[in-house]
Structure formats: structure tokens, C-alpha cells
Amino acid sequence: MVTLSPTGTLQDLKTGLGGGSTRPPAPGGGDGGRGDGNGNGPDYSGRLRRTRLGLVVGLSSVTMIFVALTSALVVRRGLPTFDERTGTYVRDWLTMSLPVGMLLVNTLLLLVSSVSVELARRQIARRTLLAQVESIPGVTLGPERPIPWLGITVILGLGFLVGQWLAWQELAARGFYLATSPSSSFFYLLTATHAVHLTGGLLVMLYAVAISLMRKPLPVQRIVIDITAWYWHFMALLWIYIFALLWFMR
Amino acid sequence: MGLVLLVVIWLITLVSTYFFIAKTWWLPHGVSAATGWIDGQFALTYIVMGIIFVAAQLALGYLVWKYRDTPSSEPVRYSHGNTTLEVVWTTLTAILFIGLNLMGSHVWASERFAPAQAGAVPVEVTGMQFAWYFRYPGADGKFGATSAKLMDPSAGNESAIGLDTTDPASKDDVVTGTMYLPVGREVDLRERAVDVIHSFFVPQMRFKQDAVPGLEIHMHFTPTEIGEYEIACAELCGLGHYKMHGMLHVVSQEDFDKWLAAREAEKQ
Amino acid sequence: MAGGAGGGETIMVAQDPHGHGAHAAPTGFIRKYVFSLDHKVIGLQYYFLALTAVFVGMFLSLLMRIHMIWPTAVLPLVGEIKPETYLQILTMHGTIMVFFVLTTAPQGGFGNYFLPIQIGAPDMAFPVLNMLSFWTTFVAFVVLVAAFFVTGGAPLHGWTGYAPLSALQSAGPGEQLGADLWITSIALFCVASLMGALNFITTTLDLRAKGMTLMRMPLTVWAWLITAILGLLAFGVLLSAGILLLLDRNLGTSFYVPLVVVNGQVMGHKGGSPLLWQHLFWFFGHPEVYIAILPGMGVASQLLSTFARKPIFGYRAMVYAIMGIGILGFMVWGHHMFMSGMSPYSAFAFSVMTMAIGVPSAIKTFNWLGTLLHARIRFQTPMLFAIGFVSLFVSGGLSGPFLAQPVLDIPLHDTAFVVAHFHLIMGVAAIFGIFGATYYWFPKMFGRMMNEGWGRIHFFFTLIGTYCVFMPMHYLGMAGQPRRYSQFTELNYLHPLIPLNTFITYAAFVTITAQFIFLFNLFWSMFKGEKASDNPWQATTLEWTTATPPPHDNFGGQTPVVYHGPYEYSVPGAPKDYVMQTDPAGVTAH
């Protein structure tokens with residue numbers, strides 16, 4: 001229904017409010033990305049933007065989990081407990097001997113996987129763009145041999161997880177179990193929490209592989225791989241932070 | 001309906017206020033040195049909040065009656081607000097609230113920032129499920145060591161707190177289930193807890209402090225009147241929380257010394 | 001001169017040139033009602049979960065009140081209530097009410113249903129995530145209630161779960177499997193809430209219709225947005241705290257537990273800090289109580305403006321106040337810990353911040369009163385609850401400045417005074433927000449009106465009843481009655497307080513009974529209520545432009561365009577006493 005009503009009937013529409021302090025999103029953004037009725041198909045760029053925004057929002061809550069664990073570590077490390085035998089306060093934080101070698105190897109694996117996932121992200125972005133060009137009659141692209149960057153990332157990610165498991169084994173061999181000392185408790189806790197989140201990212205990555213095999217539309221694949229890649233970078237940065245924290249606070 | 005709302009809101013306000021003013025149920029008679037300050041700050045807060053309470057509720061009741069929609073009502077006065085008014089009442093509220101807080105802060109400082117004075121009576125309070133134990137250090141003025149491994153409530157007071165009798169300082173320690181204090185002298189309280197968090201609460205002393213496992217918390221207060229005062233536990237500690245209570249006897253210095261001597265004698 | 005007759009009116013929604021392509025609505029019972037992706041269905045699912053939870057929670061509170069007065073009574077079905085049973089009931093009452101009622105109904109229920117519509121969107125940004133959030137919440141509720149039925153029963157450590165009591169399996173009945181289930185339920189709830197918060201924030205930031213600037217959003221939307229941000233930042237901390245607690249309880253770590261002796265047995269922990277739990281818990285717990293109340297404040301603003309036929313006084317100040325409450329809400333957690341053994345210097349800092357947070361709350365109250373000034377107030381049931389909200393918020397809020405001062409917290413901490421304070425705000429005012437929202441939005445959700453007469457009876461019984469229940473608790477607290485006592489027989493100074501406690505119990509009977517009027521009204525009206533027009537309250541916000549109930553994509557194929565702020569009532573010169581947000585007439589600079 002179209003209405004074009006005269007604007008002169010209302011006078012003195014005193015509002016007292018300032019004008020739009022934040023412009024709303026571009027028209028067509030309000031349709032859930034499902035289509036704009038003009039035969040233009042789903043609004044993938046809107047969906048990509050929205051999904052990235054969702055990821056940023058979601059990652060702030062993941063950040064808060066690690067902020068909480070960090071502050072718990074700092075507090076627990078610093079707070080003394082009353083020792084009734086001596087009548088004084090003592091600290092029970094046992095210095096850990098970290099399996100640094102293993103951890104450095106794992107870090108390398110993760111950083112390399114970050115590179116590979118970024119290449120995957122750019123690859124799919126390029127393919128999505130080019131797919132539109134390909135539909136123009138008379139245009140052909142050279143034969144492309146896509147390197148399976150996503151698959152490589154999955155393997156590297158799995159390698160990281162296996163490496164973390166081995167690091168745990170080494171720590172246990174040195175006599176540091178979960179409840180041995182608060183320092184070891186935090187080691188296992190922080191690495192496990194990170195690994196759980198990383199595994200979540202891996203599962204989404206496997207989903208991305210699955211939908212590419214199922215030949216879902218490229219823009220859909222692109223969105224999944226895009227946020228997986230950003231998530232993965234966050235996981236890598238998070239790991240570096242955790243490693244540094246565990247090292248300096250050991 | 002506007003009138004009904006006015007009547008209901010005003011009645012609720014006035015009845016509640018009546019009981020606050022009549023002090024039908026009130027803070028118990030305070031018997032510590034801090035009472036004057038604490039009760040004074042309490043009174044100030046309650047007068048200020050009371051005025052705001054009455055004013056706001058009466059205003060609400062009045063407004064909903066006065067501005068009810070009737071055929072003969074005045075037209076609505078269209079307005080999105082008044083920025084000046086907003087700034088004014090925000091500033092005033094901030095000054096009032098924060099000012100009130102700062103006024104009470106010197107009381108808090110004197111209660112908590114400084115330790116007990118020299119010459120205060122040292123007493124250790126230990127809370128456990130579901131009883132309070134009190135320990136006096138005896139002539140040497142030192143509390144002997146305790147050990148968790150030695151704790152056995154069924155074997156008497158000393159065992160309940162795990163007193164380590166091999167420590168020479170423990171020899172003259174007196175452990176009781178009742179608390180005695182001399183009137184007019186500050187007590188240097190050490191609070192400990194054996195299992196879970198408890199809270200040592202003596203309403204008439206205007207005193208409360210959580211007893212936390214793993215911590216030894218020093219607090220002080222000064223009883224000013226002779227009498228018997230109930231001690232309640234004020235932190236949920238398990239199924240016996242409601243019956244974890246003790247008794248504080250405030251007596252003259254003479255009677256206190258006699259009592260302590262009697263307890264020492266019993267140990268032989 | 002503004003007019004204002006009842007009944008329907010023409011809805012004007014200008015066609016946006018980038019119109020809207022439909023996608024097929026789901027068919028089949030399972031896709032439509034069970035695993036629906038439609039935010040409206042999900043909203044109703046949350047609402048009915050909360051409705052179930054609140055009646056369970058109320059029943060538990062009734063058992064508590066009965067036991068406090070008649071500790072040796074043997075009740076039908078329940079049997080004898082032992083002191084530990086009382087505490088188990090108390091713990092579950094608090095947990096169910098705070099999480100599954102106050103964090104579920106206003107945000108998950110009404111927020112889910114109406115946020116997209118009020119901003120002109122066809123759904124939430126991530127419908128699948130939305131569906132997952134609901135079902136995770138549902139599973140969390142089942143896990144929680146299961147605690148009652150396992151060996152040992154539900155935990156008895158209070159909704160605040162202080163360690164070491166909550167960390168030691170031998171510290172009390174219910175502290176074994178029951179406590180593990182409690183923690184698991186809360187962890188699931190955290191995950192569900194985080195997913196929900198993500199959805200709310202992304203939707204509000206990205207899916208607003210054309211013309212719906214941030215400063216034209218209804219205050220309900222602002223409240224839901226800030227509440228979601230609070231949840232986003234707070235629930236992760238609770239999740240972490242809970243994981244640490246599970247580890248201490250089951251795997252021998254010592255995050256929270258120092259060397260302790262329980263029932264003569266030395267436990268294997270050492271060095272842990274009970275205060276660490278309190279810091280983590282309250283860092284979450286304080287924002288949580290603002291999560292419980294902010295949507296109610298948004299609803300109060302919405303209702304007061306609509307039924308006073310006047311714009312909300314100081315819209316911009318209201319927005320800043322909501323933001324202020326949100327930000328300051330993260331800086332005051334230590335005021336729950338003044339007596340805990342925390343540094344008294346920290347206590348001082350927290351207390352200043354706590355007094356500061358009273359300021360935006362006061363601003364909101366002044367603005368609500370200002371909205372009523374020179375208005376023409378209509379007293380339909382939603383408005384009654386909004387007015388009640390203001391009164392209760394004032395009452396509950398003003399006991400805050402007592403507790404905010406550490407030196408006054410000395411006599412008042414862990415007494416009935418605190419119970420009075422948080423019940424008046426969370427247990428009554430926030431509930432009034434939910435009631436008001438129900439009566440207000442019921443016509444839009446179900447196409448029928450709730451019965452006005454019964455609504456009034458419900459309102460008056462509940463307002464007077466809850467005041468009778470909770471106002472006296474202030475007096476009891478000042479007199480020194482501690483919290484969480486299952487009975488008052490053991491301490492002499494508590495005996496004179498029993499008559500007042502008895503009065504409260506009787507008042508509770510009456511008040512709880514009155515809620516059945518609401519329940520009956522709710523369900524009866526769904527089928528037999530008077531049919532509602534699309535905009536029975538003559539309100540201005542976007543949900544009143546849609547059909548009743550709204551179609552699957554909310555706006556029937558059209559994307560709304562917004563021209564005005566949300567509270568344009570009694571605009572001088574307008575043909576009616578309200579101008580809908582989508583009405584293109586009189587487009588001005590705001």
C-alpha cells in the first residue's frame with residue numbers, strides 16, 4: 001500500500017529530540033537477508049555483515065570467560081592462606097616446570113594454521129566474486145586448481161590438539177596433575193578451555209567442508225568460512241595470550 | 001480509579017511510615033562504643049530516605065488522581081521533558097547520595113581501617129558447624145598453635161578447635177563455649193572458621209564479621225554495658241545455621257578476671 | 001486538538017522500494033510449535049517456561065513461610081520439613097526465580113517476541129541460534145528440578161552458592177549429586193543466555209528498519225539491548241566460576257577451599273580462597289539483578305507513556321540512565337561483600353560506586369512522575385501495574401542506600417532487611433513489569449483482551465498483598481532477624497518477632513492465591529476473551545501496526561518505514577491523540 005499524505009496538516013510537531021544520531025542500516029537490511037522482492041536474491045552481503053557482527057559480539061563473551069579465569073589465577077596466586085601451625089599467612093603456589101618445547105611446537109602449528117585458514121578465507125571470497133563474472137557469456141577463467149587450505153587447517157588444528165594432549169602427558173610425567181597445585185590446576189583448566197573452544201571451531205570448519213561437498217551456494221560457504229577464519233585467528237591470539245600468562249605466572 | 005489508587009498508595013505509605021516512626025520493631029538497644037556513631041548515621045539515612053519515600057509515594061498517588069482522564073480534564077501538556085530540570089535533579093541526587101555515604105565513611109574507617117588499640121583484650125572466636133568456641137591466650141598473651149588433624153568436637157572444647165598441646169604457648173590457653181568480656185575495654189577479636197563460612201553477629205554490639213576458612217580476621221569493638229547478649233550466626237552454614245548461637249557475657253573487669261582464673265583452674 | 005476514540009484505525013506503512021521477499025512459513029506441528037525458528041513462538045515458549053517456573057517457585061516460598069511459623073508441621077504430600085529441607089527449598093526457590101523467571105520472562109519471553117517487531121525486523125538475526133537458546137534453557141530447567149529427585153536431594157547452599165559450603169560434598173545434605181546438577185543447570189543457562197544475548201545485540205544493531213534510529217527506539221528495546229550487553233559480559237564469568245566449583249567438588253582442586261575439617265575429617269584441599277568464589281559470583285550477580293529489572297523499567301516507561309497519552313518525560317535522559325545503570329552495574333559487586341573479610345578500603349570504593357548507581361535510578365523515577373504530570377491517565381490494567389511498578393521500585397530502591405553504606409551494613413547484612421530490599425525490587429516490581437507487559441501485549445499475541453475486572457482484582461490483591469509480605473521484613477531486619485533461618489525458636493531475641501512473621505505468612509497465603517486469578521484470566525481469555533482490534537490501546541509503536549497476531553514475517557511482506565519517535569502522544573495539531581511511528585504525516589527533523 002502506497003501512501004503519499006500531505007505533510008502540511010500537522011503543525012508545531014515539537015519533538016525536542018535531536019535528529020537521528022545513528023543512521024539505521026541501508027534499506028533492504030531489514031529483511032533478514034532472505035530476499036528483497038525485486039528478484040535480486042538473498043542479501044548475502046547483509047548476512048555476511050550480520051554474521052561478522054554476531055561473531056564480534058559472541059567473542060566478547062568468550063573473552064569474558066578468559067578474563068574471569070585470568071583474574072581467578074592472579075587472585076589465587078597472590079592470596080595467602082592462614083597456616084595454623086605457624087600462625088602466619090603462607091602461599092601455596094608451586095612453580096611449574098612447563099613443557100615449553102612441546103608448547104612452542106603447538107604454537108607454531110596454530111600460527112601456521114592461522115595462515116592457512118586466512119588463505120582459505122581469501123580463496124572463497126575470490127571464488128565467490130569470480131563466480132558472478134563467470135556467468136557472463138563469453139568469459140572463462142583459466143583452470144583453477146584450488147589448494148585445499150581449509151582441509152590443511154583442519155589437519156593442523158588436529159595436530160595442535162594432539163600436541164596439547166602430549167603436553168599434558170609430559171606435565172603429568174613430571175608429577176603435575178590437575179589437583180597437585182593451583183598452578184597446575186590453572187594450566188590444565190586454561191589449556192582445556194581453549195582446546196574446547198578450538199574444537200568448536202574445528203567442528204564448524206568440518207561443517208564448511210561438508211557444505212562445500214554438498215555444493216551449497218558459494219556465498220553461503222563464504223559466510224561460514226569467513227567467520228570460521230576470524231574465529232580461528234581469535235583462537236590463535238588467545239592461545240598466545242594463555243601461553244604468555246602461564247609462562248609469566250608459572 | 002484514580003482516587004482508589006491514591007487512597008491505596010497513601011495508606012500503604014502512611015501505615016509503613018507509622019511503624020518506622022513508632023519504632024515498633026527497631027534496632028535493639030546498643031551497648032558498644034560504636035553504637036552512637038552507627039545509630040546516628042542510621043538515623044540520618046532513615047530520615048533522608050523516609051522523606052524521599054513519603055514524598056515520592058504521595059506524589060505518585062496525587063498525580064494519578066489529579067491527572068486522571070475525565071471528560072472535563074485539561075488537555076495533555078505535550079512535552080518531551082526539560083533538560084535543565086534533569087541536570088538539576090541529577091546533580092542534587094548525586095550530592096545527596098554520595099554526601100550521605102561520605103558522612104558515614106569516617107565511622108567505617110574508625111571501625112575497620114585501624115587495628116585494635118594496645119591493651120585490648122585478645123579473644124579468638126572459632127566457628128564450626130554448628131557452634132562457636134572462644135579462646136583466651138592466658139598469661140603469656142600468646143595463642144598456641146592449632147592443627148586441623150587434632151580437631152575432635154566430641155572430646156571437649158580444646159579438642160574442638162584442635163589445640164596443639166605440644167606447643168608451650170597452648171598450656172595456658174582457655175577454650176570455652178561461652179564468651180566473657182570485661183566492660184569498657186576494647187576486645188581484639190580474631191575470627192576463624194573450621195569448615196565453611198560463618199558470621200559472628202552480636203546485634204546489640206552492632207557487630208558483625210564473617211568468619212572465613214583459610215583466613216584469620218582481626219576486628220575490634222568495645223562493650224559499654226554489663227549484660228548478656230546473644231550471638232547469632234549470620235552466614236548460611238548448613239542445616240544447623242538457625243541454631244548456631246552463643247552467649248556473650250559482659251561483666252566487670254573483676255568478674256572477668258575471676259571467671260578466667262576459674263577456667264584456668266579447671267584445666268589442672 | 002488531539003482526539004482519541006477507541007477502535008481500529010487505518011494503518012499507514014509506506015512501501016519501501018526495496019520491499020521484502022517472503023520465505024515460506026513453516027508447516028507441520030513440530031516445525032511450527034516445537035522447534036520453531038519464529039521469534040514469536042520462541043518468545044511464547046520462554047514465557048510459558050517462566051510461568052511454570054514461577055508457580056513452582058511460589059509454591060516453594062509458601063512451604064518456606066509455613067515452616068518458619070510452624071516448624072514441626074507435617075504437611076500433606078510434602079510431609080515433615082526438616083531444617084535441611086527448608087534450606088533446600090530456599091536454594092531452589094531463589095535459583096528458579098532469579099534465573100528461570102526474572103531472566104527468562106522479561107528478556108527471553110517479551111524481548112524475543114517484541115524486539116524484532118518494535119524495530120521493524122522480520123525476525124531475530126539468527127533464528128536457529130534463538131531456537132537453540134530456548135531449548136538449552138528448557139534443558140537447564142529440567143536438570144535443575146531433577147536435583148530434587150536424586151539421592152540427597154537439592155543443594156542447601158542458597159542461590160548464591162558460597163564456597164566452601166557448596167564445594168564440599170560432606171558439608172550438608174543435598175551437597176552431592178544435587179549440587180552438581182545445580183551447577184550444571186546454571187552452566188547450561190549461562191550458555192543459553194550468552195547465545196540469546198548475541199542474538200539480541202546483533203538484531204538491534206543490524207536489523208532496524210529504515211528511519212528507526214537508535215534514538216527512536218522504544219525504551220523497551222533500549223532496555224532489552226542493555227540487558228543483553230550486561231548478560232553478554234556477565235554470564236561468562238558465572239560459567240567460569242561454576243567450572244572452578246565443579247573441579248573443587250569432584251576433582252580435588254583447591255580454587256575456593258582452604259584447609260578445612262568437616263565432621264571431624266580433614267578434607268584434602270588447601271590454600272583456596274572462599275572469597276574468590278564471592279568475587280566471581282557477584283561480578284556476575286550484580287549485573288544479573290540489573291538484568292532482572294531493566295526490562296521491567298522499559299515496560300514501565302512504555303506503559304506509562306501510552307496510558308498517560310503523553311510522551312515519556314526525558315526520553316534521552318532515560319536512555320542515558322539505562323546505560324548508566326548498565327555500566328555502573330559492573331562496578332558495584334563488592335557491596336555484597338562488605339562483611340566478607342574483603343579489604344575495608346575496597347569496601348569504601350564499592351560503596352561510593354553503589355551510591356552513584358542510585359542516581360540514574362532516581363532520574364528514571366523522576367521522569368516517570370514527570371510523565372504523569374499534566375497527562376490524561378487511563379487506568380486499564382496494564383497501567384495499574386505500571387503505576388504499581390513505580391511505587392514498588394521507590395520502596396525497594398530506598399532501602400538500597402542503607403545497605404550501600406558499609407557501616408550500616410554491619411547491623412543489616414544477612415538480615416531480613418536485605419530480603420525485603422531485593423524482593424521488593426526483583427520479586428515484586430520486576431514481576432509487575434511482567435504482569436503489565438502481559439496485560440498490554442496479550443491482545444497482540446492472542447487476538448483477544450484479558451478480562452479487565454479480574455485484572456483489577458488481581459492488581460489490588462497483589463499490590464497490597466506484596467506490601468504486606470515484604471514491607472514488614474524491613475522491621476524484622478532492623479531488629480536483627482538473620483536470613484535463611486528455618487525457624488526462630490532458638491534465639492530469645494527472635495521470639496518477639498514471631499507474630500510479625502506470622503502476619504507475613506498469612507499475607508503470603510492471600511497474595512499467592514490471588515495469582516491464580518491471573519492464571520485463570522490468562523488461559524480463559526486466550527479462548528473466550530473479547531476479540532481485540534489491531535491497536536486496542538491506541539499506541540504508537542510498531543507492533544501495533546501489524547495484524548493480530550502478527551504474520552510469520554511480522555509485517556506481511558512490507559518493510560515498515562519509521563518517521564517518528566516512539567512516544568508521540570497528544571501532539572498539538574495532530575488529528576488523533578497519538579501519532580504512530582510509521583505515520584508519514586508531519587515528518588520533522590527528529
# chains A, B, ... in the order shown; residues from 1 in each chain; ligands from 1
>>> residues_around(residues="range 124-135 of chain B", least_positions_apart="4", cutoff="7 Å", atoms="only C-alpha atoms", output="list of chain:residue names")
B:Asp173, B:Val174, B:Val175, B:Thr176, B:Gly177, B:Thr178, B:Met179, B:Leu189, B:Arg190, B:Glu191, B:Arg192, B:Ala193, B:Val194, B:Asp195, B:His198, B:Ala211, B:Cys237, B:Gly240, B:His241, B:Met244, B:His245, B:Gly246
>>> write_last_selection(atoms="N, CA and C atoms", output="PDB file, in the first residue's frame")
ATOM      1  N   ASP B 173      46.178 -21.602  77.396  1.00  0.00           N
ATOM      2  CA  ASP B 173      45.006 -21.175  76.622  1.00  0.00           C
ATOM      3  C   ASP B 173      43.733 -21.748  77.241  1.00  0.00           C
ATOM      4  N   VAL B 174      42.710 -20.883  77.320  1.00  0.00           N
ATOM      5  CA  VAL B 174      41.412 -21.310  77.848  1.00  0.00           C
ATOM      6  C   VAL B 174      40.425 -21.344  76.695  1.00  0.00           C
ATOM      7  N   VAL B 175      39.778 -22.460  76.504  1.00  0.00           N
ATOM      8  CA  VAL B 175      38.780 -22.567  75.422  1.00  0.00           C
ATOM      9  C   VAL B 175      37.417 -22.814  76.042  1.00  0.00           C
ATOM     10  N   THR B 176      36.448 -21.980  75.692  1.00  0.00           N
ATOM     11  CA  THR B 176      35.101 -22.117  76.267  1.00  0.00           C
ATOM     12  C   THR B 176      34.052 -22.063  75.176  1.00  0.00           C
ATOM     13  N   GLY B 177      32.840 -22.433  75.568  1.00  0.00           N
ATOM     14  CA  GLY B 177      31.721 -22.329  74.650  1.00  0.00           C
ATOM     15  C   GLY B 177      30.927 -21.056  74.884  1.00  0.00           C
ATOM     16  N   THR B 178      31.293 -20.319  75.937  1.00  0.00           N
ATOM     17  CA  THR B 178      30.612 -19.049  76.225  1.00  0.00           C
ATOM     18  C   THR B 178      31.650 -17.951  76.194  1.00  0.00           C
ATOM     19  N   MET B 179      31.222 -16.770  75.790  1.00  0.00           N
ATOM     20  CA  MET B 179      32.184 -15.665  75.686  1.00  0.00           C
ATOM     21  C   MET B 179      32.007 -14.710  76.856  1.00  0.00           C
ATOM     22  N   LEU B 189      39.418  -9.088  68.525  1.00  0.00           N
ATOM     23  CA  LEU B 189      38.822 -10.360  68.159  1.00  0.00           C
ATOM     24  C   LEU B 189      39.565 -10.959  66.971  1.00  0.00           C
ATOM     25  N   ARG B 190      39.927 -12.246  67.080  1.00  0.00           N
ATOM     26  CA  ARG B 190      40.451 -12.947  65.912  1.00  0.00           C
ATOM     27  C   ARG B 190      39.385 -13.946  65.511  1.00  0.00           C
ATOM     28  N   GLU B 191      38.942 -13.852  64.265  1.00  0.00           N
ATOM     29  CA  GLU B 191      37.893 -14.781  63.861  1.00  0.00           C
ATOM     30  C   GLU B 191      38.430 -15.841  62.926  1.00  0.00           C
ATOM     31  N   ARG B 192      38.041 -17.080  63.209  1.00  0.00           N
ATOM     32  CA  ARG B 192      38.445 -18.193  62.338  1.00  0.00           C
ATOM     33  C   ARG B 192      37.255 -19.098  62.104  1.00  0.00           C
ATOM     34  N   ALA B 193      37.358 -19.852  61.033  1.00  0.00           N
ATOM     35  CA  ALA B 193      36.310 -20.833  60.757  1.00  0.00           C
ATOM     36  C   ALA B 193      36.958 -22.127  60.305  1.00  0.00           C
ATOM     37  N   VAL B 194      36.342 -23.212  60.670  1.00  0.00           N
ATOM     38  CA  VAL B 194      36.955 -24.526  60.506  1.00  0.00           C
ATOM     39  C   VAL B 194      36.526 -25.237  59.230  1.00  0.00           C
ATOM     40  N   ASP B 195      35.275 -24.977  58.815  1.00  0.00           N
ATOM     41  CA  ASP B 195      34.732 -25.769  57.701  1.00  0.00           C
ATOM     42  C   ASP B 195      34.145 -24.919  56.593  1.00  0.00           C
ATOM     43  N   HIS B 198      31.070 -18.820  58.359  1.00  0.00           N
ATOM     44  CA  HIS B 198      30.071 -18.454  59.352  1.00  0.00           C
ATOM     45  C   HIS B 198      30.157 -16.947  59.528  1.00  0.00           C
ATOM     46  N   ALA B 211      33.288 -15.154  59.491  1.00  0.00           N
ATOM     47  CA  ALA B 211      34.441 -15.982  59.845  1.00  0.00           C
ATOM     48  C   ALA B 211      34.691 -16.893  58.649  1.00  0.00           C
ATOM     49  N   CYS B 237      25.377 -21.666  56.825  1.00  0.00           N
ATOM     50  CA  CYS B 237      26.495 -22.586  57.051  1.00  0.00           C
ATOM     51  C   CYS B 237      26.057 -24.036  57.059  1.00  0.00           C
ATOM     52  N   GLY B 240      22.237 -26.544  60.391  1.00  0.00           N
ATOM     53  CA  GLY B 240      22.114 -26.059  61.760  1.00  0.00           C
ATOM     54  C   GLY B 240      22.304 -24.560  61.902  1.00  0.00           C
ATOM     55  N   HIS B 241      22.270 -23.874  60.806  1.00  0.00           N
ATOM     56  CA  HIS B 241      22.544 -22.427  60.794  1.00  0.00           C
ATOM     57  C   HIS B 241      21.644 -21.696  61.782  1.00  0.00           C
ATOM     58  N   MET B 244      22.796 -22.098  65.466  1.00  0.00           N
ATOM     59  CA  MET B 244      24.200 -21.902  65.822  1.00  0.00           C
ATOM     60  C   MET B 244      24.303 -20.585  66.565  1.00  0.00           C
ATOM     61  N   HIS B 245      24.172 -20.660  67.871  1.00  0.00           N
ATOM     62  CA  HIS B 245      24.190 -19.408  68.610  1.00  0.00           C
ATOM     63  C   HIS B 245      25.080 -19.527  69.837  1.00  0.00           C
ATOM     64  N   GLY B 246      25.427 -18.394  70.362  1.00  0.00           N
ATOM     65  CA  GLY B 246      26.266 -18.362  71.566  1.00  0.00           C
ATOM     66  C   GLY B 246      25.789 -17.257  72.479  1.00  0.00           C
TER      67      GLY B 246
END
>>> residues_around(residues="Thr160 in chain C", least_positions_apart="4", cutoff="10 Å", atoms="only C-alpha atoms", output="PDB file with C-alpha atoms, in the first residue's frame")
ATOM      1  CA  THR C  91      18.020 -22.617  47.491  1.00  0.00           C
ATOM      2  CA  GLY C  94      15.994 -18.459  44.706  1.00  0.00           C
ATOM      3  CA  THR C  95      17.634 -20.215  41.786  1.00  0.00           C
ATOM      4  CA  SER C 166      28.871 -25.507  48.076  1.00  0.00           C
ATOM      5  CA  TRP C 277      34.028 -17.514  44.645  1.00  0.00           C
ATOM      6  CA  GLN C 278      32.283 -14.455  46.048  1.00  0.00           C
ATOM      7  CA  PHE C 281      29.868 -14.845  41.612  1.00  0.00           C
ATOM      8  CA  TRP C 282      28.995 -11.269  42.439  1.00  0.00           C
ATOM      9  CA  GLY C 285      25.467 -11.475  40.314  1.00  0.00           C
TER      10      GLY C 285
END
>>> residues_around(residues="Leu161 in chain A", least_positions_apart="5", cutoff="9 Å", atoms="only C-alpha atoms", output="list in words")
Asn106, Leu156, Leu166, Ala195, Leu198 and Thr199 of chain A
>>> residues_around(residues="Val191 in chain C", least_positions_apart="2", cutoff="8 Å", atoms="only C-alpha atoms", output="PyMOL selection string")
chain C and resi 133+136+187-189+193-195+235+239
>>> write_last_selection(atoms="N, CA and C atoms", output="PDB file, in the first residue's frame")
ATOM      1  N   SER C 133      18.786 -21.485  21.917  1.00  0.00           N
ATOM      2  CA  SER C 133      18.814 -20.815  23.230  1.00  0.00           C
ATOM      3  C   SER C 133      17.640 -21.267  24.066  1.00  0.00           C
ATOM      4  N   THR C 136      18.002 -24.996  25.163  1.00  0.00           N
ATOM      5  CA  THR C 136      19.046 -25.149  26.183  1.00  0.00           C
ATOM      6  C   THR C 136      18.526 -24.673  27.534  1.00  0.00           C
ATOM      7  N   ALA C 187      25.238 -23.725  34.454  1.00  0.00           N
ATOM      8  CA  ALA C 187      26.170 -23.625  33.327  1.00  0.00           C
ATOM      9  C   ALA C 187      25.414 -23.650  32.003  1.00  0.00           C
ATOM     10  N   LEU C 188      24.439 -24.540  31.884  1.00  0.00           N
ATOM     11  CA  LEU C 188      23.634 -24.597  30.664  1.00  0.00           C
ATOM     12  C   LEU C 188      22.896 -23.278  30.476  1.00  0.00           C
ATOM     13  N   PHE C 189      22.372 -22.739  31.589  1.00  0.00           N
ATOM     14  CA  PHE C 189      21.648 -21.479  31.500  1.00  0.00           C
ATOM     15  C   PHE C 189      22.568 -20.366  31.008  1.00  0.00           C
ATOM     16  N   SER C 193      21.938 -18.155  27.737  1.00  0.00           N
ATOM     17  CA  SER C 193      21.815 -16.705  27.835  1.00  0.00           C
ATOM     18  C   SER C 193      22.820 -15.997  26.944  1.00  0.00           C
ATOM     19  N   LEU C 194      24.022 -16.548  26.857  1.00  0.00           N
ATOM     20  CA  LEU C 194      25.026 -15.917  26.006  1.00  0.00           C
ATOM     21  C   LEU C 194      24.585 -15.959  24.546  1.00  0.00           C
ATOM     22  N   MET C 195      24.013 -17.101  24.158  1.00  0.00           N
ATOM     23  CA  MET C 195      23.521 -17.200  22.775  1.00  0.00           C
ATOM     24  C   MET C 195      22.405 -16.185  22.541  1.00  0.00           C
ATOM     25  N   PHE C 235      27.613 -13.417  32.074  1.00  0.00           N
ATOM     26  CA  PHE C 235      27.358 -14.843  32.201  1.00  0.00           C
ATOM     27  C   PHE C 235      28.599 -15.699  31.991  1.00  0.00           C
ATOM     28  N   LEU C 239      29.867 -18.739  34.390  1.00  0.00           N
ATOM     29  CA  LEU C 239      30.214 -20.050  33.832  1.00  0.00           C
ATOM     30  C   LEU C 239      31.586 -20.490  34.329  1.00  0.00           C
TER      31      LEU C 239
END
>>> closest_residue(among="B:Glu228, B:Tyr242, B:Glu254, B:Gly61", to="Val8 in chain B", atoms="only C-alpha atoms")
B:Gly61
>>> residues_around(residues="range 50-65 of chain A", least_positions_apart="2", cutoff="9 Å", atoms="only C-alpha atoms", output="PyMOL selection string")
(chain A and resi 45-48+67-70+197+223-224+226-227+230-231+234+238) or (chain C and resi 125-126+194-195+197-199+201-203+205-207+229+231-240)
